Structures are given as structure tokens and as C-alpha cells.
>>> print(open('final05.txt').read())   # compact mmCIF, C-alpha atoms
# COMPACT_ATOMS: atom_id res chain seq x y z
CA MET A 18 66.26 131.09 73.97
CA ILE A 19 66.40 129.80 77.51
CA GLU A 20 68.16 126.48 77.73
CA TRP A 21 70.33 126.58 80.87
CA PHE A 22 70.60 128.38 84.23
CA ASP A 23 73.08 130.75 82.58
CA ASP A 24 70.42 131.98 80.13
CA LEU A 25 68.14 133.28 82.90
CA LYS A 26 68.46 136.94 83.94
CA LEU A 27 67.09 138.91 86.88
CA GLY A 28 63.87 140.67 85.92
CA MET A 29 63.12 138.29 83.06
CA ARG A 30 59.34 137.87 82.76
CA PHE A 31 57.05 135.02 81.74
CA LYS A 32 53.35 134.90 80.89
CA SER A 33 51.33 131.71 80.53
CA GLY A 34 48.33 130.74 78.50
CA GLU A 35 44.86 130.72 80.06
CA VAL A 36 42.74 128.03 81.64
CA THR A 37 39.08 128.17 82.66
CA VAL A 38 38.13 126.38 85.87
CA SER A 39 34.74 124.68 85.73
CA LYS A 40 32.41 123.92 88.61
CA GLU A 41 32.82 120.23 87.82
CA ASP A 42 36.62 120.52 88.08
CA ILE A 43 36.30 122.28 91.45
CA LEU A 44 33.94 119.65 92.85
CA ARG A 45 35.95 116.69 91.54
CA PHE A 46 39.27 117.90 92.96
CA ALA A 47 37.73 118.86 96.29
CA ARG A 48 35.90 115.56 96.76
CA GLU A 49 39.20 113.72 96.37
CA PHE A 50 41.57 116.02 98.26
CA ASP A 51 39.80 118.80 100.19
CA PRO A 52 36.26 117.70 101.06
CA GLN A 53 35.01 120.79 102.90
CA PRO A 54 31.61 122.41 102.22
CA PHE A 55 32.99 125.61 100.66
CA HIS A 56 34.68 123.44 98.00
CA THR A 57 32.17 120.60 97.55
CA ASP A 58 28.65 121.93 98.14
CA GLU A 59 27.34 124.93 96.20
CA GLU A 60 24.44 125.59 98.59
CA ALA A 61 26.31 125.06 101.86
CA ALA A 62 29.20 127.19 100.57
CA LYS A 63 27.00 130.31 100.59
CA ASP A 64 26.99 130.39 104.39
CA THR A 65 30.76 129.98 104.79
CA VAL A 66 33.67 132.38 105.07
CA LEU A 67 34.14 132.08 101.27
CA GLY A 68 30.58 133.23 100.54
CA GLY A 69 30.07 130.65 97.81
CA LEU A 70 31.72 127.76 96.04
CA ALA A 71 35.48 128.23 95.47
CA ALA A 72 38.31 125.99 94.35
CA SER A 73 40.49 124.31 96.95
CA GLY A 74 43.67 126.32 97.32
CA TRP A 75 45.58 123.15 96.43
CA HIS A 76 43.56 122.86 93.24
CA THR A 77 44.60 126.41 92.33
CA ALA A 78 48.19 125.43 93.13
CA ALA A 79 47.95 122.37 90.85
CA ILE A 80 46.41 124.44 88.02
CA ALA A 81 49.24 126.96 88.36
CA MET A 82 51.79 124.15 88.13
CA ASN A 83 50.21 122.98 84.91
CA LEU A 84 50.33 126.52 83.46
CA CYS A 85 54.05 126.59 84.39
CA VAL A 86 54.74 123.24 82.76
CA GLN A 87 53.04 124.34 79.52
CA MET A 88 55.24 127.47 79.48
CA ARG A 89 58.57 125.62 79.82
CA PRO A 90 60.39 128.57 81.43
CA PHE A 91 63.58 126.46 81.64
CA GLY A 92 63.47 125.31 78.04
CA PRO A 93 64.32 121.61 77.69
CA HIS A 94 64.88 121.17 81.45
CA PRO A 95 62.07 120.00 83.70
CA LEU A 96 60.38 122.08 86.37
CA PHE A 97 61.96 120.55 89.42
CA GLY A 98 62.09 122.15 92.82
CA ALA A 99 63.01 121.60 96.44
CA GLY A 100 60.03 123.50 97.73
CA VAL A 101 58.07 126.73 97.74
CA ASP A 102 58.11 129.91 99.80
CA ASP A 103 55.55 132.68 100.18
CA LEU A 104 52.60 130.66 98.91
CA ARG A 105 49.50 132.84 99.38
CA TRP A 106 45.88 132.49 98.35
CA LEU A 107 44.77 136.07 97.72
CA LYS A 108 41.20 135.71 96.45
CA PRO A 109 38.78 132.82 95.94
CA VAL A 110 38.84 131.08 92.55
CA ARG A 111 35.21 130.71 91.46
CA PRO A 112 33.52 128.38 88.94
CA GLY A 113 34.05 129.80 85.45
CA ASP A 114 37.09 131.88 86.38
CA THR A 115 39.80 132.04 83.71
CA LEU A 116 43.31 132.09 85.13
CA HIS A 117 46.72 132.85 83.76
CA LEU A 118 50.12 133.08 85.37
CA GLU A 119 52.80 135.77 85.26
CA GLY A 120 56.28 135.36 86.62
CA GLU A 121 59.44 137.37 87.20
CA VAL A 122 62.93 136.08 87.95
CA VAL A 123 63.77 137.60 91.35
CA GLU A 124 66.88 135.65 92.38
CA LEU A 125 69.59 133.54 90.72
CA VAL A 126 72.07 131.64 92.86
CA PRO A 127 74.66 129.42 91.16
CA SER A 128 75.62 126.36 93.21
CA ARG A 129 79.21 126.28 94.46
CA SER A 130 79.40 122.50 94.47
CA ARG A 131 77.18 121.28 91.62
CA PRO A 132 76.73 122.19 87.93
CA GLN A 133 73.36 123.86 88.59
CA GLY A 134 71.75 126.93 90.09
CA VAL A 135 68.70 127.92 92.10
CA VAL A 136 66.21 130.09 90.21
CA ARG A 137 63.56 131.98 92.15
CA ILE A 138 60.61 133.10 90.04
CA LYS A 139 57.79 134.92 91.82
CA TRP A 140 54.66 133.62 90.08
CA THR A 141 51.25 135.24 90.39
CA ALA A 142 47.97 133.85 89.03
CA TYR A 143 45.39 136.38 87.84
CA ASN A 144 41.70 135.90 87.05
CA GLN A 145 39.79 137.34 84.08
CA ASN A 146 39.30 140.63 85.98
CA GLY A 147 43.03 141.10 86.45
CA GLU A 148 42.78 140.29 90.16
CA ALA A 149 45.71 138.42 91.69
CA VAL A 150 44.30 135.21 93.18
CA TYR A 151 47.42 133.22 94.10
CA THR A 152 51.16 133.69 94.35
CA PHE A 153 54.11 131.39 95.03
CA ASN A 154 57.89 131.40 94.83
CA PRO A 155 59.32 127.95 94.09
CA ILE A 156 62.94 126.92 94.61
CA GLY A 157 63.71 125.92 91.04
CA ILE A 158 66.84 123.93 90.23
CA VAL A 159 68.24 124.29 86.70
CA PRO A 160 71.48 122.82 85.24
CA ARG A 161 74.30 125.14 84.19
CA ARG A 162 75.57 125.19 80.63
CA PRO A 163 78.35 122.63 80.27
CA ALA A 164 81.76 124.32 79.99
CA MET B 11 38.30 118.66 122.87
CA ILE B 12 39.45 121.28 120.42
CA GLU B 13 36.65 123.54 119.32
CA TRP B 14 38.06 127.08 119.17
CA PHE B 15 41.38 128.92 118.77
CA ASP B 16 41.48 129.17 122.59
CA ASP B 17 41.61 125.37 122.92
CA LEU B 18 44.89 125.06 120.98
CA LYS B 19 48.16 125.07 122.93
CA LEU B 20 51.78 125.37 121.86
CA GLY B 21 53.37 121.95 121.45
CA MET B 22 50.04 120.20 120.92
CA ARG B 23 50.54 117.30 118.51
CA PHE B 24 48.39 115.65 115.85
CA LYS B 25 48.75 112.40 113.93
CA SER B 26 46.69 111.44 110.89
CA GLY B 27 45.52 108.16 109.45
CA GLU B 28 47.37 106.55 106.56
CA VAL B 29 46.88 106.59 102.82
CA THR B 30 48.59 104.47 100.16
CA VAL B 31 49.45 106.18 96.90
CA SER B 32 48.99 103.97 93.84
CA LYS B 33 50.79 104.20 90.53
CA GLU B 34 47.45 104.92 88.89
CA ASP B 35 46.83 107.86 91.26
CA ILE B 36 50.29 109.26 90.50
CA LEU B 37 49.80 109.01 86.72
CA ARG B 38 46.26 110.41 86.76
CA PHE B 39 47.16 113.48 88.86
CA ALA B 40 50.32 114.17 86.87
CA ARG B 41 48.62 113.88 83.47
CA GLU B 42 46.14 116.57 84.53
CA PHE B 43 48.39 118.94 86.48
CA ASP B 44 52.10 118.14 86.16
CA PRO B 45 52.76 116.29 82.89
CA GLN B 46 56.51 115.76 83.13
CA PRO B 47 58.18 112.40 82.39
CA PHE B 48 59.28 111.68 85.99
CA HIS B 49 55.58 111.83 86.99
CA THR B 50 53.85 110.36 83.92
CA ASP B 51 56.13 107.76 82.30
CA GLU B 52 57.52 104.86 84.33
CA GLU B 53 60.24 104.02 81.78
CA ALA B 54 61.35 107.57 80.98
CA ALA B 55 61.39 108.41 84.71
CA LYS B 56 64.31 106.03 85.27
CA ASP B 57 66.69 108.35 83.45
CA THR B 58 65.64 111.52 85.29
CA VAL B 59 66.83 113.29 88.44
CA LEU B 60 64.16 111.36 90.40
CA GLY B 61 65.53 107.97 89.30
CA GLY B 62 62.06 106.53 88.75
CA LEU B 63 58.39 107.37 88.82
CA ALA B 64 57.40 109.68 91.68
CA ALA B 65 54.29 111.67 92.59
CA SER B 66 54.06 115.31 91.58
CA GLY B 67 54.93 117.43 94.60
CA TRP B 68 51.52 119.08 94.24
CA HIS B 69 49.90 115.66 94.41
CA THR B 70 51.72 115.01 97.68
CA ALA B 71 50.52 118.41 98.88
CA ALA B 72 46.92 117.58 97.97
CA ILE B 73 47.14 114.16 99.69
CA ALA B 74 48.48 115.88 102.81
CA MET B 75 45.57 118.33 102.75
CA ASN B 76 43.15 115.43 102.65
CA LEU B 77 44.87 113.77 105.62
CA CYS B 78 44.52 117.09 107.50
CA VAL B 79 40.83 117.42 106.64
CA GLN B 80 40.13 113.88 107.88
CA MET B 81 41.85 114.74 111.19
CA ARG B 82 39.80 117.88 111.90
CA PRO B 83 42.50 119.52 114.05
CA PHE B 84 40.22 122.53 114.59
CA GLY B 85 37.18 120.50 115.59
CA PRO B 86 34.00 121.83 113.96
CA HIS B 87 35.81 124.68 112.19
CA PRO B 88 37.06 124.27 108.64
CA LEU B 89 40.68 124.15 107.59
CA PHE B 90 40.98 127.59 106.10
CA GLY B 91 44.22 129.42 105.48
CA ALA B 92 45.77 132.48 103.94
CA GLY B 93 48.78 130.60 102.66
CA VAL B 94 51.70 128.33 103.45
CA ASP B 95 55.32 128.87 104.42
CA ASP B 96 58.28 126.52 104.38
CA LEU B 97 56.80 124.02 101.95
CA ARG B 98 59.53 121.48 101.18
CA TRP B 99 59.59 118.21 99.26
CA LEU B 100 62.17 116.12 101.10
CA LYS B 101 62.07 112.76 99.33
CA PRO B 102 60.25 111.33 96.31
CA VAL B 103 56.86 109.70 96.94
CA ARG B 104 56.87 106.39 95.04
CA PRO B 105 54.04 104.16 93.80
CA GLY B 106 52.83 102.04 96.72
CA ASP B 107 54.14 104.38 99.42
CA THR B 108 51.92 104.70 102.49
CA LEU B 109 51.90 108.20 103.95
CA HIS B 110 50.73 109.71 107.20
CA LEU B 111 50.98 113.20 108.62
CA GLU B 112 52.22 114.47 111.97
CA GLY B 113 51.82 118.02 113.18
CA GLU B 114 52.85 120.23 116.07
CA VAL B 115 51.42 123.62 117.04
CA VAL B 116 54.40 125.99 116.80
CA GLU B 117 52.76 129.43 116.99
CA LEU B 118 49.46 130.92 118.16
CA VAL B 119 48.70 134.58 117.45
CA PRO B 120 45.32 135.99 118.49
CA SER B 121 44.03 138.72 116.18
CA ARG B 122 43.79 142.20 117.70
CA SER B 123 40.93 143.25 115.46
CA ARG B 124 38.85 140.13 114.74
CA PRO B 125 37.40 137.29 116.85
CA GLN B 126 39.95 134.78 115.51
CA GLY B 127 43.57 133.77 115.69
CA VAL B 128 46.35 132.50 113.46
CA VAL B 129 47.46 128.93 114.21
CA ARG B 130 50.76 127.70 112.82
CA ILE B 131 51.09 123.92 112.73
CA LYS B 132 54.27 122.46 111.27
CA TRP B 133 53.08 119.37 109.41
CA THR B 134 55.36 116.62 108.17
CA ALA B 135 54.36 113.66 105.98
CA TYR B 136 56.21 110.38 106.55
CA ASN B 137 56.35 107.26 104.39
CA GLN B 138 56.11 103.65 105.58
CA ASN B 139 59.85 103.65 106.39
CA GLY B 140 59.50 106.62 108.73
CA GLU B 141 61.23 108.92 106.26
CA ALA B 142 60.00 112.52 106.11
CA VAL B 143 58.89 113.16 102.53
CA TYR B 144 57.13 116.55 102.75
CA THR B 145 56.65 119.39 105.21
CA PHE B 146 54.58 122.58 105.25
CA ASN B 147 53.47 125.27 107.66
CA PRO B 148 50.06 126.71 106.77
CA ILE B 149 48.66 129.99 108.09
CA GLY B 150 45.53 128.58 109.71
CA ILE B 151 42.71 130.91 110.77
CA VAL B 152 40.47 129.68 113.59
CA PRO B 153 37.62 131.54 115.37
CA ARG B 154 37.97 132.45 119.06
CA ARG B 155 35.49 131.17 121.63
CA PRO B 156 32.62 133.65 121.91
CA ALA B 157 32.81 135.60 125.19
>>> encode(input="final05.txt", output="C-alpha cells")
Amino acid sequence: MIEWFDDLKLGMRFKSGEVTVSKEDILRFAREFDPQPFHTDEEAAKDTVLGGLAASGWHTAAIAMNLCVQMRPFGPHPLFGAGVDDLRWLKPVRPGDTLHLEGEVVELVPSRSRPQGVVRIKWTAYNQNGEAVYTFNPIGIVPRRPA
Amino acid sequence: MIEWFDDLKLGMRFKSGEVTVSKEDILRFAREFDPQPFHTDEEAAKDTVLGGLAASGWHTAAIAMNLCVQMRPFGPHPLFGAGVDDLRWLKPVRPGDTLHLEGEVVELVPSRSRPQGVVRIKWTAYNQNGEAVYTFNPIGIVPRRPA
């Protein structure tokens, strides 16, 4: 069971549950945060670089966060991070797509000054066709097991 | 007026309008996408690493996107990107905080194969006290002026 930084190992893998993204979800998020035609207007989206309606990349990012939270990769400790590297949107997320997340621990750096460590997990979101649609590598901070 | 990749210059600066983030906004976003106590429960948040209720980092990211979209830094062309580097959450965003975004063009790379270029703008969000709360550097893709 993973409870502390010390329980995480390089190469450890995680797999989330699934979530289906509806057209209504895409439109609602985009109207509030990313009101551009390829995210808010099904007809106008056809003539854009995305070739049809697709989720805002930030919506995909938020959905991926929720899949992470449900997974609890750090056991009882929250998902708390200083930032993210290598965030890439690889393919459009379309209405009706079903996404899940897979992750692998790629770096573990214990802090020299604090009772915690930095955990780097490379996460990738896949759609129902097994296509990678999104990837990110957050700077996770997890407490060390008390001595 | 900025209309094409060719109109952007290194060092060019942008400044957005302001938006105030309410407690209700913070709770609503977090319940859907980042349901952890420091984002969803005002009382429980006091005893966490954030020392009180704060917006999900992905909420801050989505708010920043909206400030970008309102600014239209690429004129008539959409804000469209392959990804983001150097995304960092620098300080908590609290209920009632008023944020704005400032950006500077830090890199311009014309494509060798397509009629477009990659624009790197380092964006930073500030709160009402002038404190930097969030920064990100998206890989923006903007068409070149037709010959």
C-alpha cells in the first residue's frame, strides 16, 4: 500500500477509471473558460484547424486531474504540486470520447531540508481507441514516512 | 495591429483585463474536477498545507486561458497550442482574489515546412497585491502572412 514518499518506486504504474466526455460538458466548460469556435460552436468548428468540435485543452487537463484524484496514487496524502512540465495535447478530445489515465513513476527526489520528496509521474490520457490524447508530468510533493 | 505570426516581435508585451474569483467559483470547479479538502471545504482547508481554501491549480489555469482569449494576442487567429512548458503555481489563489495576466514574447520560431510559426509567450498571473500566483509558457501556433 502506498502511504508515504518512501513507498513509491521507480517504474511503479497506475491506471485510472474511465470518464466519458459529453458535448454538453465540452460546451459548458468552453463557454466559461475558453470561448473559441472550435470549443463552443459545433457548426463553426468544422471549418477550423480542429476539424470539428473538441474539448478545450484545459478541460482535458481538468478531467485528467479528476481521474488522478479518484485514483489516490499517494494514498492518504493529497495531490499537491508546484507545477507541471511537458504538458502536451496530442489529439483532439471529441464529444462522446471515453478517457482514462495511465501513469508511471519516472523520478523520485527526496528533499534534503524537509520531510518530503518530489515524485514525478508521467501521466498519459488515452481515448477509447487507445490513442494518447494528452500527457503531463506534475511536480508532486509527498511527505516522507516519519522516522 | 497584430494579425499574423510576422507581426509579433520579441519583447512585445500584453496585459489582460481583471477577473475576481469568488468562493462559489472555487467550490464549483473543485467539486467537479479537483475534489480535495483544500479546494472544497473551507473549514477542513485550514488544517492543510494551503492554510485555507484556495482555487484548484487547474481552475487558475482555466481562468488564465479565459483572460488570454479575451485579449486576442494573435488578432483574428485563435489561441491554439500544442502544449505548455514551465507551468508553475507560485501562490494560492484565495476567494475574492482579483487576477490579471501579463505576457512577454520570448521566442519566435518560423516553421520550415508550413505557413506558420511557433510563438512562445511567458504569461504570469498576478493577484490584487501584485504577487505572481501562476506562470505558464504555451507553445502557440500562429499562421504566417500570406505572400
>>> atom_distance(input="final05.txt", atom1="CA of Leu77 (chain B)", atom2="CA of Trp14 (chain B)")
20.2 Å
>>> closest_residue(input="final05.txt", among="B:Val59, B:Leu111, B:Met22, B:Val103", to="His94 (chain A)", atoms="only C-alpha atoms")
B:Val59
>>> residues_around(input="final05.txt", residues="Val159 (chain A)", least_positions_apart="2", cutoff="12 Å", atoms="only C-alpha atoms", output="MDAnalysis selection string")
(chainID A and resid 19:25 89:99 125:128 131:137 156:157 161:162) or (chainID B and resid 59)
>>> residues_around(input="final05.txt", residues="Ala71 (chain B)", least_positions_apart="2", cutoff="9 Å", atoms="all atoms listed in the file", output="list in words")
Trp75 of chain A; Ser66, Gly67, Trp68, His69, Ile73, Ala74, Met75, Asn76, Leu97, Tyr144, Thr145 and Phe146 of chain B
>>> axis_aligned_box(input="final05.txt", around="region 103-115 of chain A", padding_each_side="3 Å", output="JSON")
{"center_x": 44.5, "center_y": 132.2, "center_z": 91.9, "size_x": 28.0, "size_y": 13.7, "size_z": 22.5}
>>> calpha_fit_and_write(input="final05.txt", fixed="chain A", moving="chain B", output="PDB file with C-alpha atoms, in the frame of the given file")
ATOM      1  CA  MET B  11      66.251 131.105  73.977  1.00  0.00           C
ATOM      2  CA  ILE B  12      66.407 129.809  77.511  1.00  0.00           C
ATOM      3  CA  GLU B  13      68.161 126.488  77.743  1.00  0.00           C
ATOM      4  CA  TRP B  14      70.340 126.587  80.871  1.00  0.00           C
ATOM      5  CA  PHE B  15      70.594 128.371  84.236  1.00  0.00           C
ATOM      6  CA  ASP B  16      73.087 130.751  82.567  1.00  0.00           C
ATOM      7  CA  ASP B  17      70.418 131.976  80.131  1.00  0.00           C
ATOM      8  CA  LEU B  18      68.136 133.298  82.899  1.00  0.00           C
ATOM      9  CA  LYS B  19      68.472 136.945  83.941  1.00  0.00           C
ATOM     10  CA  LEU B  20      67.088 138.911  86.866  1.00  0.00           C
ATOM     11  CA  GLY B  21      63.865 140.676  85.921  1.00  0.00           C
ATOM     12  CA  MET B  22      63.113 138.287  83.065  1.00  0.00           C
ATOM     13  CA  ARG B  23      59.344 137.872  82.763  1.00  0.00           C
ATOM     14  CA  PHE B  24      57.055 135.021  81.739  1.00  0.00           C
ATOM     15  CA  LYS B  25      53.361 134.890  80.893  1.00  0.00           C
ATOM     16  CA  SER B  26      51.330 131.703  80.540  1.00  0.00           C
ATOM     17  CA  GLY B  27      48.311 130.735  78.504  1.00  0.00           C
ATOM     18  CA  GLU B  28      44.855 130.717  80.062  1.00  0.00           C
ATOM     19  CA  VAL B  29      42.730 128.025  81.632  1.00  0.00           C
ATOM     20  CA  THR B  30      39.072 128.170  82.676  1.00  0.00           C
ATOM     21  CA  VAL B  31      38.130 126.377  85.868  1.00  0.00           C
ATOM     22  CA  SER B  32      34.732 124.675  85.728  1.00  0.00           C
ATOM     23  CA  LYS B  33      32.407 123.913  88.602  1.00  0.00           C
ATOM     24  CA  GLU B  34      32.824 120.229  87.817  1.00  0.00           C
ATOM     25  CA  ASP B  35      36.630 120.519  88.090  1.00  0.00           C
ATOM     26  CA  ILE B  36      36.299 122.291  91.445  1.00  0.00           C
ATOM     27  CA  LEU B  37      33.932 119.645  92.856  1.00  0.00           C
ATOM     28  CA  ARG B  38      35.935 116.687  91.541  1.00  0.00           C
ATOM     29  CA  PHE B  39      39.273 117.913  92.956  1.00  0.00           C
ATOM     30  CA  ALA B  40      37.739 118.872  96.295  1.00  0.00           C
ATOM     31  CA  ARG B  41      35.894 115.567  96.754  1.00  0.00           C
ATOM     32  CA  GLU B  42      39.204 113.719  96.382  1.00  0.00           C
ATOM     33  CA  PHE B  43      41.571 116.030  98.263  1.00  0.00           C
ATOM     34  CA  ASP B  44      39.800 118.796 100.191  1.00  0.00           C
ATOM     35  CA  PRO B  45      36.247 117.713 101.062  1.00  0.00           C
ATOM     36  CA  GLN B  46      35.009 120.790 102.906  1.00  0.00           C
ATOM     37  CA  PRO B  47      31.608 122.395 102.210  1.00  0.00           C
ATOM     38  CA  PHE B  48      32.980 125.621 100.660  1.00  0.00           C
ATOM     39  CA  HIS B  49      34.678 123.442  98.000  1.00  0.00           C
ATOM     40  CA  THR B  50      32.162 120.606  97.547  1.00  0.00           C
ATOM     41  CA  ASP B  51      28.630 121.937  98.128  1.00  0.00           C
ATOM     42  CA  GLU B  52      27.338 124.937  96.180  1.00  0.00           C
ATOM     43  CA  GLU B  53      24.436 125.592  98.579  1.00  0.00           C
ATOM     44  CA  ALA B  54      26.305 125.062 101.850  1.00  0.00           C
ATOM     45  CA  ALA B  55      29.200 127.198 100.555  1.00  0.00           C
ATOM     46  CA  LYS B  56      26.995 130.303 100.589  1.00  0.00           C
ATOM     47  CA  ASP B  57      26.988 130.389 104.377  1.00  0.00           C
ATOM     48  CA  THR B  58      30.755 129.974 104.792  1.00  0.00           C
ATOM     49  CA  VAL B  59      33.687 132.383 105.061  1.00  0.00           C
ATOM     50  CA  LEU B  60      34.147 132.073 101.268  1.00  0.00           C
ATOM     51  CA  GLY B  61      30.583 133.239 100.548  1.00  0.00           C
ATOM     52  CA  GLY B  62      30.088 130.658  97.808  1.00  0.00           C
ATOM     53  CA  LEU B  63      31.725 127.757  96.051  1.00  0.00           C
ATOM     54  CA  ALA B  64      35.458 128.228  95.467  1.00  0.00           C
ATOM     55  CA  ALA B  65      38.320 125.986  94.351  1.00  0.00           C
ATOM     56  CA  SER B  66      40.481 124.304  96.963  1.00  0.00           C
ATOM     57  CA  GLY B  67      43.679 126.309  97.318  1.00  0.00           C
ATOM     58  CA  TRP B  68      45.590 123.139  96.434  1.00  0.00           C
ATOM     59  CA  HIS B  69      43.568 122.866  93.243  1.00  0.00           C
ATOM     60  CA  THR B  70      44.600 126.408  92.339  1.00  0.00           C
ATOM     61  CA  ALA B  71      48.188 125.429  93.120  1.00  0.00           C
ATOM     62  CA  ALA B  72      47.962 122.380  90.855  1.00  0.00           C
ATOM     63  CA  ILE B  73      46.401 124.441  88.023  1.00  0.00           C
ATOM     64  CA  ALA B  74      49.237 126.955  88.368  1.00  0.00           C
ATOM     65  CA  MET B  75      51.797 124.150  88.138  1.00  0.00           C
ATOM     66  CA  ASN B  76      50.209 122.987  84.913  1.00  0.00           C
ATOM     67  CA  LEU B  77      50.331 126.514  83.470  1.00  0.00           C
ATOM     68  CA  CYS B  78      54.050 126.610  84.385  1.00  0.00           C
ATOM     69  CA  VAL B  79      54.744 123.242  82.760  1.00  0.00           C
ATOM     70  CA  GLN B  80      53.043 124.348  79.528  1.00  0.00           C
ATOM     71  CA  MET B  81      55.254 127.473  79.479  1.00  0.00           C
ATOM     72  CA  ARG B  82      58.572 125.620  79.821  1.00  0.00           C
ATOM     73  CA  PRO B  83      60.398 128.568  81.426  1.00  0.00           C
ATOM     74  CA  PHE B  84      63.576 126.469  81.631  1.00  0.00           C
ATOM     75  CA  GLY B  85      63.473 125.312  78.024  1.00  0.00           C
ATOM     76  CA  PRO B  86      64.309 121.606  77.709  1.00  0.00           C
ATOM     77  CA  HIS B  87      64.878 121.168  81.453  1.00  0.00           C
ATOM     78  CA  PRO B  88      62.074 120.002  83.713  1.00  0.00           C
ATOM     79  CA  LEU B  89      60.388 122.083  86.368  1.00  0.00           C
ATOM     80  CA  PHE B  90      61.967 120.548  89.417  1.00  0.00           C
ATOM     81  CA  GLY B  91      62.100 122.138  92.835  1.00  0.00           C
ATOM     82  CA  ALA B  92      63.035 121.598  96.437  1.00  0.00           C
ATOM     83  CA  GLY B  93      60.056 123.509  97.742  1.00  0.00           C
ATOM     84  CA  VAL B  94      58.074 126.730  97.730  1.00  0.00           C
ATOM     85  CA  ASP B  95      58.115 129.902  99.798  1.00  0.00           C
ATOM     86  CA  ASP B  96      55.555 132.658 100.170  1.00  0.00           C
ATOM     87  CA  LEU B  97      52.595 130.655  98.916  1.00  0.00           C
ATOM     88  CA  ARG B  98      49.508 132.834  99.391  1.00  0.00           C
ATOM     89  CA  TRP B  99      45.878 132.484  98.349  1.00  0.00           C
ATOM     90  CA  LEU B 100      44.762 136.058  97.723  1.00  0.00           C
ATOM     91  CA  LYS B 101      41.198 135.704  96.454  1.00  0.00           C
ATOM     92  CA  PRO B 102      38.766 132.822  95.946  1.00  0.00           C
ATOM     93  CA  VAL B 103      38.828 131.078  92.555  1.00  0.00           C
ATOM     94  CA  ARG B 104      35.194 130.713  91.448  1.00  0.00           C
ATOM     95  CA  PRO B 105      33.518 128.374  88.950  1.00  0.00           C
ATOM     96  CA  GLY B 106      34.038 129.795  85.458  1.00  0.00           C
ATOM     97  CA  ASP B 107      37.089 131.876  86.375  1.00  0.00           C
ATOM     98  CA  THR B 108      39.788 132.043  83.703  1.00  0.00           C
ATOM     99  CA  LEU B 109      43.298 132.081  85.139  1.00  0.00           C
ATOM    100  CA  HIS B 110      46.719 132.854  83.756  1.00  0.00           C
ATOM    101  CA  LEU B 111      50.126 133.072  85.370  1.00  0.00           C
ATOM    102  CA  GLU B 112      52.794 135.764  85.262  1.00  0.00           C
ATOM    103  CA  GLY B 113      56.288 135.352  86.619  1.00  0.00           C
ATOM    104  CA  GLU B 114      59.432 137.373  87.192  1.00  0.00           C
ATOM    105  CA  VAL B 115      62.932 136.083  87.939  1.00  0.00           C
ATOM    106  CA  VAL B 116      63.769 137.583  91.346  1.00  0.00           C
ATOM    107  CA  GLU B 117      66.886 135.640  92.381  1.00  0.00           C
ATOM    108  CA  LEU B 118      69.583 133.539  90.711  1.00  0.00           C
ATOM    109  CA  VAL B 119      72.082 131.642  92.864  1.00  0.00           C
ATOM    110  CA  PRO B 120      74.662 129.420  91.159  1.00  0.00           C
ATOM    111  CA  SER B 121      75.629 126.363  93.201  1.00  0.00           C
ATOM    112  CA  ARG B 122      79.219 126.279  94.460  1.00  0.00           C
ATOM    113  CA  SER B 123      79.389 122.502  94.468  1.00  0.00           C
ATOM    114  CA  ARG B 124      77.168 121.261  91.621  1.00  0.00           C
ATOM    115  CA  PRO B 125      76.719 122.176  87.935  1.00  0.00           C
ATOM    116  CA  GLN B 126      73.354 123.860  88.599  1.00  0.00           C
ATOM    117  CA  GLY B 127      71.756 126.919  90.096  1.00  0.00           C
ATOM    118  CA  VAL B 128      68.712 127.922  92.108  1.00  0.00           C
ATOM    119  CA  VAL B 129      66.212 130.083  90.205  1.00  0.00           C
ATOM    120  CA  ARG B 130      63.575 131.985  92.145  1.00  0.00           C
ATOM    121  CA  ILE B 131      60.611 133.094  90.049  1.00  0.00           C
ATOM    122  CA  LYS B 132      57.790 134.918  91.808  1.00  0.00           C
ATOM    123  CA  TRP B 133      54.661 133.629  90.084  1.00  0.00           C
ATOM    124  CA  THR B 134      51.249 135.232  90.386  1.00  0.00           C
ATOM    125  CA  ALA B 135      47.966 133.848  89.022  1.00  0.00           C
ATOM    126  CA  TYR B 136      45.377 136.379  87.839  1.00  0.00           C
ATOM    127  CA  ASN B 137      41.692 135.904  87.058  1.00  0.00           C
ATOM    128  CA  GLN B 138      39.787 137.340  84.088  1.00  0.00           C
ATOM    129  CA  ASN B 139      39.295 140.633  85.973  1.00  0.00           C
ATOM    130  CA  GLY B 140      43.034 141.100  86.445  1.00  0.00           C
ATOM    131  CA  GLU B 141      42.786 140.302  90.144  1.00  0.00           C
ATOM    132  CA  ALA B 142      45.707 138.416  91.697  1.00  0.00           C
ATOM    133  CA  VAL B 143      44.290 135.215  93.181  1.00  0.00           C
ATOM    134  CA  TYR B 144      47.420 133.213  94.097  1.00  0.00           C
ATOM    135  CA  THR B 145      51.169 133.688  94.349  1.00  0.00           C
ATOM    136  CA  PHE B 146      54.121 131.392  95.041  1.00  0.00           C
ATOM    137  CA  ASN B 147      57.894 131.402  94.840  1.00  0.00           C
ATOM    138  CA  PRO B 148      59.325 127.955  94.088  1.00  0.00           C
ATOM    139  CA  ILE B 149      62.949 126.931  94.613  1.00  0.00           C
ATOM    140  CA  GLY B 150      63.711 125.940  91.029  1.00  0.00           C
ATOM    141  CA  ILE B 151      66.842 123.925  90.226  1.00  0.00           C
ATOM    142  CA  VAL B 152      68.237 124.298  86.705  1.00  0.00           C
ATOM    143  CA  PRO B 153      71.464 122.821  85.238  1.00  0.00           C
ATOM    144  CA  ARG B 154      74.305 125.147  84.196  1.00  0.00           C
ATOM    145  CA  ARG B 155      75.574 125.198  80.621  1.00  0.00           C
ATOM    146  CA  PRO B 156      78.353 122.626  80.265  1.00  0.00           C
ATOM    147  CA  ALA B 157      81.762 124.326  79.971  1.00  0.00           C
TER     148      ALA B 157
END
>>> residues_around(input="final05.txt", residues="Leu20 (chain B)", least_positions_apart="6", cutoff="9 Å", atoms="all atoms listed in the file", output="ChimeraX atom specification")
/B:114-118
>>> atom_distance(input="final05.txt", atom1="CA of Asn146 (chain A)", atom2="CA of Phe46 (chain A)")
23.8 Å
>>> closest_residue(input="final05.txt", among="A:Val101, A:Leu70, A:Cys85, A:Val38", to="chain B", atoms="only C-alpha atoms")
A:Val101
>>> residues_around(input="final05.txt", residues="Ile36 (chain B)", least_positions_apart="3", cutoff="12 Å", atoms="only C-alpha atoms", output="count of residues only")
34
>>> residues_around(input="final05.txt", residues="Lys25 (chain B)", least_positions_apart="4", cutoff="8 Å", atoms="all atoms listed in the file", output="list in words")
Met81, His110, Leu111, Glu112 and Gly113 of chain B
>>> closest_residue(input="final05.txt", among="B:Ala135, B:Val79, B:Ala142, B:Ala157", to="chain A", atoms="only C-alpha atoms")
B:Val79
>>> build_atoms(input="final05.txt", residues="region 101-105 of chain A", atoms="N, CA and C atoms", output="CSV table (one decimal), keeping the file's coordinate frame")
chain,number,residue,atom,x,y,z
A,101,VAL,N,58.7,125.5,98.1
A,101,VAL,CA,58.1,126.7,97.7
A,101,VAL,C,58.0,127.6,99.0
A,102,ASP,N,58.3,128.9,98.7
A,102,ASP,CA,58.1,129.9,99.8
A,102,ASP,C,57.0,130.9,99.4
A,103,ASP,N,56.5,131.6,100.4
A,103,ASP,CA,55.6,132.7,100.2
A,103,ASP,C,54.4,132.3,99.3
A,104,LEU,N,53.8,131.1,99.6
A,104,LEU,CA,52.6,130.7,98.9
A,104,LEU,C,51.4,131.4,99.6
A,105,ARG,N,50.6,132.1,98.8
A,105,ARG,CA,49.5,132.8,99.4
A,105,ARG,C,48.3,132.7,98.5
